[in-house]
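Some notes on the structure that comes next.
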Amino acid sequence: MDRKAEAAPIGYNLSHQTTSFIGREQEIEDILNLLDHADCQLLTLTGPGGIGKTRLALEVARRIGHRYADGVYFIPLQSLRSADYLPAAIIHVLGLPVHADSDLCQQLQQYLSRRRLVLFFDNFEHLLDGTGLIADLAAAAPEIKLLVTSREALNLHEEWRWPVQGLPFPHAETEDIETYSAIRLFIERARQIQPDFRLAEHRAAVIRICQQLEGIPLAIELAAGWIRTLDCDTIAHEIQKDLDFLTSRERNIPERHRSMRAVYNHSWRLLFEDERRVFQNLSVFHGGFTRAAAETVATASLTVLAALVDKSLVRQDAADRYDIHELLRQYGAELLAEYGEADAVAARHARYFADFMDDCQAQVKGPQQLAVLDRIEADFENIRAAWSYAVAHQAYPLVERMMDTLTLFGYMRSRFVETNALFEVARDAFAPAPGDHPHPVWGRVLIRAPRADVTPVNTALEMAQHQHNDTETAFCLKERGIYYAYRGQYAHAFDDLQNSLNIYRRLEDHFGMATAAANLIHLTMVTGDWEAAQTYIELGMRLALGIGSLYHQYWFLFYAGWKACYDGCLADAECHLQEAVTLAKTLGFRVMAADSVGSLGFVAFLRGDFEQSRAWIIEDLETTTQVKAPGEQGFARIVLGHLACVEERYHEAKMIAEEALALVQPNQARERFIIRILAMAACGLGDFDQARHHLRALLVQETRPGTRLLCIPLWAILLAHEGRLQWAAELLGLAFTHPASARGWLEHWPLLTRLRAQLTAQLREETFTAAWGRGSQLDLDTVIEQLLVVSDVQTRQPLIEPLTDRELEILRLVADGLSNRAIAETLTIVEGTVKTHVHNLCQKLSASNRTQLTARARVLGILP
């Protein structure tokens with residue numbers, strides 16, 4: 001039966017509410033079911049002030065009233081100053097006559113023993129000395145129900161507790177935000193003041209307000225009360241800045257609900273001195289804390305911590321972690337500052353989490369990886385706060401103890417945007433003044449912070465070598481190798497990565513060796529050295545299994561999947577990549593999971609399963625958009641660009657390719673995927689000059705047989721257009737029959753289907769079949785050499801105004817990563833001249849910065 005339909009009309013002494021009750025339907029249902037339980041005679045709704053205990057209990061009492069023949073009675077306790085007055089208050093509400101010589105408690109027990117009713121006690125927290133009476137009433141009258149609201153549990157044997165939480169609110173932007181009770185409450189209260197209030201105009205700000213207030217109904221109503229004079233963005237800003245902002249100007253609101261500060265002041269007055277000290281100390285924590293952290297940082301004993309939980313000032317979850325509502329934390333932080341203890345407690349907090357991160361360093365590299373990552377994730381806001389304190393106070397030892405684990409956490413849990421920001425702040429704060437010697441920690445921060453060019457990497461490497469820090473030297477070499485690899489400087493990249501591997505091997509650092517091996521796999525696969533790639537895959541997997549690093553096991557599965565893909569073994573590729581996805585999702589490696597999902601999308605494309613490919617890519621984009629991973633978003637668009645081409649949406653494919661190029665730079669390997677999209681689109685649109693230009697660029701830059709093979713059918717289209725029909729048929733035969741060929745997408749591209757039909761008709765079937773057969777016997781490398789000869793790219797620089805020799809010279813140096821000053825020194829010219837040439841190059845190549853300039857030059861075939 002519907003609980004709402006059961007509700008008795010408002011009667012008894014339940015007060016009429018002048019505002020609507022919103023949400024909490026499931027909570028009401030659960031509480032009603034609990035009260036139906038014969039053993040649940042005393043139920044206490046606990047929670048901090050303003051959380052909505054009274055409104056929820058009133059709604060429960062209203063709906064349960066019809067079940068109790070003798071009624072439901074609301075007993076407000078806020079005005080009582082002593083538990084001694086409690087019996088008289090109950091008798092008054094029940095309307096019983098009082099005899100001068102009678103014992104009120106005994107009279108109550110006798111009366112209630114024959115009744116079936118509900119007594120609803122509101123705001124019991126300041127009358128806990130009167131809990132004995134509650135216990136006596138429950139014992140004397142088994143047919144009554146006692147419903148209590150209190151900021152602190154009664155701690156009676158008979159008591160059942162129901163902790164009241166804030167209203168549900170969206171934790172991120174979502175389409176259905178009006179289904180969240182917190183949002184609905186804000187909208188309704190705002191429309192009471194401003195009837196034409198429209199959520200669509202304030203959507204993001206309203207979400208932010210409800211997030212800041214964590215769904216506390218009173219706080220939401222106080223915030224909405226400002227809608228007459230302030231916009232929602234300003235309201236959100238003021239909430240973050242000042243607790244006193246949450247104040248009402250309405251005259252008929254009880255004093256204790258006029259502001260959140262008044263609510264919290266009442267709770268503060270009920271605390272003992274040691275509870276006050278611990279509560280204000282706990283305000284230093286962000287995002288929760290463990291019992292051990294509370295004991296060390298806030299000097300919190302288990303007894304005091306339990307008391308604060310009972311008083312609804314601290315929350316405890318199922319994982320035995322604690323946290324404080326953000327508004328309460330702000331209130332406690334103000335008190336801590338007033339008492340002059342803020343800096344001392346913050347220092348203890350920073351030391352504790354520096355030690356915590358230092359202790360995690362070895363564990364995050366081994367079989368306890370998942371568990372320790374979860375612990376770091378749970379305390380990340382505390383770690384961020386500790387880092388900020390250490391940086392602001394130039395506490396170099398604390399920063400150094402945190403940095404290695406912080407780096408690995410950023411990689412493994414896809415939090416690199418946030419960890420990069422922390423290292424960036426430290427880099428700027430620790431930067432030496434001109435002429436000063438840098439602190440050794442500055443170099444270690446420098447290599448881990450975001451960088452625009454190779455200069456900071458070289459500086460950090462020199463510092464590590466000067467300090468004879470072999471582990472840091474190996475790390476710097478690995479980072480520089482990655483930098484060079486992404487920019488196509490493969491020889492430099494290989495030297496640095498191999499040297500890094502050798503140092504780690506000498507140090508017997510198997511985690512470092514596995515990391516270097518993973519990057520060497522990427523490099524050797526990009527350069528087409530398949531034998532070396534397989535060697536590094538096998539080495540890396542042995543190391544990963546030996547140390548128990550699931551992080552590295554993921555990477556070696558991922559690379560094994562791509563190697564199988566390039567070898568044409570698509571079933572094996574899918575198997576490895578599926579295993580990698582499962583592992584990454586289990587471990588919470590969000591970007592890595594998305595990376596493998598995107599790779600599965602490309603494999604599905606090669607198989608010709610375009611529907612499955614698109615499904616994988618949609619999943620990939622959802623994740624990479626959430627975690628802000630532009631490179632992976634770029635790869636997802638690369639697959640979408642290929643799909644657009646085979647579905648003959650060529651103009652759209654070109655637009656997608658441009659979007660992808662902006663996201664993947666400066667990753668040359670992925671830039672080559674984009675060139676192939678542009679070549680496919682050009683073939684589809686009949687722009688064969690552009691197609692030839694792009695295909696020639698691919699042949700020059702691409703060394704991997706599998707990816708070179710993907711270009712062969714495009715050359716067949718081009719040669720057929722030029723009248724070289726038999727050669728075109730031969731290339732189709734090679735593309736469709738080569739052992740490493742992925743035939744699925746070829747068979748589902750209408751352009752190739754039409755080409756085969758045209759060639760069959762023009763050559764006649766016998767000649768076409770013979771040419772196809774010859775093609776199946778061709779050597780791929782020989783064909784590539786022939787195509788390079790006929791491509792005649794020397795005269796094809798697709799620019800309105802050609803580049804001068806000096807501009808070409810400077811363009812090559814820019815691609816090598818040299819700064820303007822370094823180019824000027826190399827060419828013995830002034831730096832201003834270099835700036836002018838770079839500006840002109842950007843204009844000619846339609847680039848807005850040096851990275852785009854290099855990428856555009858490669859896409860156009862100007863650079864190899």
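Numbering starts fresh at 1 for the residues of each chain in the structure tokens, the chains themselves are lettered A, B, ... in the order given, and ligands are numbered from 1 as they appear.
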All alpha helix (DSSP H) residues (DSSP, backbone) inside range 608-804 of chain A, as a count of residues only: 154
Test item: residues at most 8 Å from Ala735 in chain A, only C-alpha atoms, excluding those fewer than 4 positions along its chain, as a list in words: Leu709, Leu710, Ile712, Pro713, Leu731, Ser741, Arg743 and Ser776 of chain A
Would you mind exporting N, CA, C and O atoms of the selected residues as a CSV table (one decimal), in the first residue's frame?
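Result went into out.csv, see below:
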chain,number,residue,atom,x,y,z
A,709,LEU,N,51.1,-0.8,-44.7
A,709,LEU,CA,50.2,-1.6,-45.5
A,709,LEU,C,48.8,-0.9,-45.6
A,709,LEU,O,48.1,-1.0,-46.6
A,710,LEU,N,48.4,-0.2,-44.5
A,710,LEU,CA,47.2,0.5,-44.5
A,710,LEU,C,47.1,1.6,-45.6
A,710,LEU,O,46.0,2.0,-46.0
A,712,ILE,N,48.4,1.2,-48.7
A,712,ILE,CA,48.5,0.6,-50.0
A,712,ILE,C,47.2,0.8,-50.8
A,712,ILE,O,47.2,1.2,-52.0
A,713,PRO,N,46.0,0.5,-50.2
A,713,PRO,CA,44.8,0.7,-50.9
A,713,PRO,C,44.5,2.2,-51.4
A,713,PRO,O,43.9,2.4,-52.4
A,731,LEU,N,48.1,-3.5,-56.4
A,731,LEU,CA,48.2,-3.0,-55.0
A,731,LEU,C,47.0,-3.4,-54.2
A,731,LEU,O,47.1,-3.7,-53.0
A,741,SER,N,47.6,-8.0,-43.3
A,741,SER,CA,46.5,-7.1,-43.7
A,741,SER,C,45.3,-7.3,-42.8
A,741,SER,O,44.9,-8.4,-42.4
A,743,ARG,N,41.6,-7.0,-43.4
A,743,ARG,CA,40.8,-6.9,-44.5
A,743,ARG,C,39.4,-6.3,-44.2
A,743,ARG,O,38.7,-5.8,-45.1
A,776,SER,N,49.4,-10.2,-54.9
A,776,SER,CA,49.5,-11.0,-53.7
A,776,SER,C,50.9,-11.6,-53.5
A,776,SER,O,51.2,-12.0,-52.3
For Pro48 in chain A, the nearest of the candidates A:Leu328, A:Ile134, A:Ile537, A:Ala88, counting only C-alpha atoms: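 The answer is A:Leu328, which sits nearest to Pro48 in chain A.
With only C-alpha atoms as the atoms that count, the residue of A:Ala449, A:Ile617, A:Met513, A:Val98 with the shortest distance to Val597 in chain A is A:Ile617.
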12 Å contact set for Tyr566 in chain A, only C-alpha atoms, chain neighbours under 6 positions out, as a list of chain:residue names: A:Met525, A:Val526, A:Gly528, A:Asp529, A:Trp530, A:Ala533, A:Tyr559, A:Ala560, A:Asp572, A:Ala573, A:Ser599, A:Phe602, A:Val603, A:Leu606, A:Thr703, A:Arg704, A:Pro705, A:Gly706, A:Thr707, A:Arg708, A:Leu709, A:Leu710, A:Pro739, A:Ala740, A:Ser741, A:Ala742
Long-range neighbours of Lys585 in chain A as a list of chain:residue names, 12 Å cut-off, only C-alpha atoms, 6 positions minimum in chain: A:Leu370, A:Met412, A:Arg413, A:Ser414, A:Leu550, A:Tyr551, A:Tyr554, A:Gln578, A:Glu579, A:Val591, A:Met592, A:Ala593, A:Ala594, A:Asp595, A:Ser596, A:Val597, A:Thr623
Writer output for current selection, N, CA and C atoms, as a tab-separated table (two decimals), in the first residue's frame:
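Writing done, so here's part_36.tsv:
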chain	number	residue	atom	x	y	z
A	370	LEU	N	47.43	-1.79	-5.29
A	370	LEU	CA	46.02	-1.39	-5.33
A	370	LEU	C	45.57	-0.84	-3.99
A	412	MET	N	49.21	6.62	-12.05
A	412	MET	CA	48.42	5.40	-11.92
A	412	MET	C	46.93	5.66	-11.78
A	413	ARG	N	46.57	6.75	-11.14
A	413	ARG	CA	45.16	7.03	-10.90
A	413	ARG	C	44.61	8.16	-11.77
A	414	SER	N	45.34	8.50	-12.82
A	414	SER	CA	44.86	9.51	-13.78
A	414	SER	C	44.56	10.84	-13.09
A	550	LEU	N	50.99	-4.38	-10.83
A	550	LEU	CA	49.88	-4.48	-11.77
A	550	LEU	C	49.89	-3.34	-12.77
A	551	TYR	N	50.40	-2.21	-12.35
A	551	TYR	CA	50.52	-1.04	-13.23
A	551	TYR	C	51.35	-1.40	-14.47
A	554	TYR	N	49.76	-4.01	-16.79
A	554	TYR	CA	48.82	-3.38	-17.72
A	554	TYR	C	49.55	-2.92	-18.98
A	578	GLN	N	41.63	-6.49	-24.23
A	578	GLN	CA	40.52	-6.74	-23.30
A	578	GLN	C	41.05	-7.04	-21.91
A	579	GLU	N	42.12	-7.82	-21.83
A	579	GLU	CA	42.73	-8.13	-20.54
A	579	GLU	C	43.27	-6.86	-19.90
A	591	VAL	N	42.53	6.60	-17.11
A	591	VAL	CA	43.03	6.99	-18.43
A	591	VAL	C	43.57	5.78	-19.17
A	592	MET	N	44.26	4.89	-18.45
A	592	MET	CA	44.81	3.71	-19.10
A	592	MET	C	43.69	2.79	-19.58
A	593	ALA	N	42.65	2.66	-18.79
A	593	ALA	CA	41.50	1.88	-19.25
A	593	ALA	C	40.92	2.48	-20.52
A	594	ALA	N	40.78	3.81	-20.53
A	594	ALA	CA	40.25	4.49	-21.72
A	594	ALA	C	41.18	4.31	-22.90
A	595	ASP	N	42.49	4.34	-22.65
A	595	ASP	CA	43.47	4.14	-23.72
A	595	ASP	C	43.27	2.79	-24.39
A	596	SER	N	43.09	1.75	-23.57
A	596	SER	CA	42.87	0.42	-24.13
A	596	SER	C	41.52	0.31	-24.82
A	597	VAL	N	40.51	0.96	-24.26
A	597	VAL	CA	39.19	0.95	-24.89
A	597	VAL	C	39.27	1.63	-26.26
A	623	THR	N	35.12	8.78	-20.64
A	623	THR	CA	36.13	8.76	-19.58
A	623	THR	C	37.17	9.85	-19.78
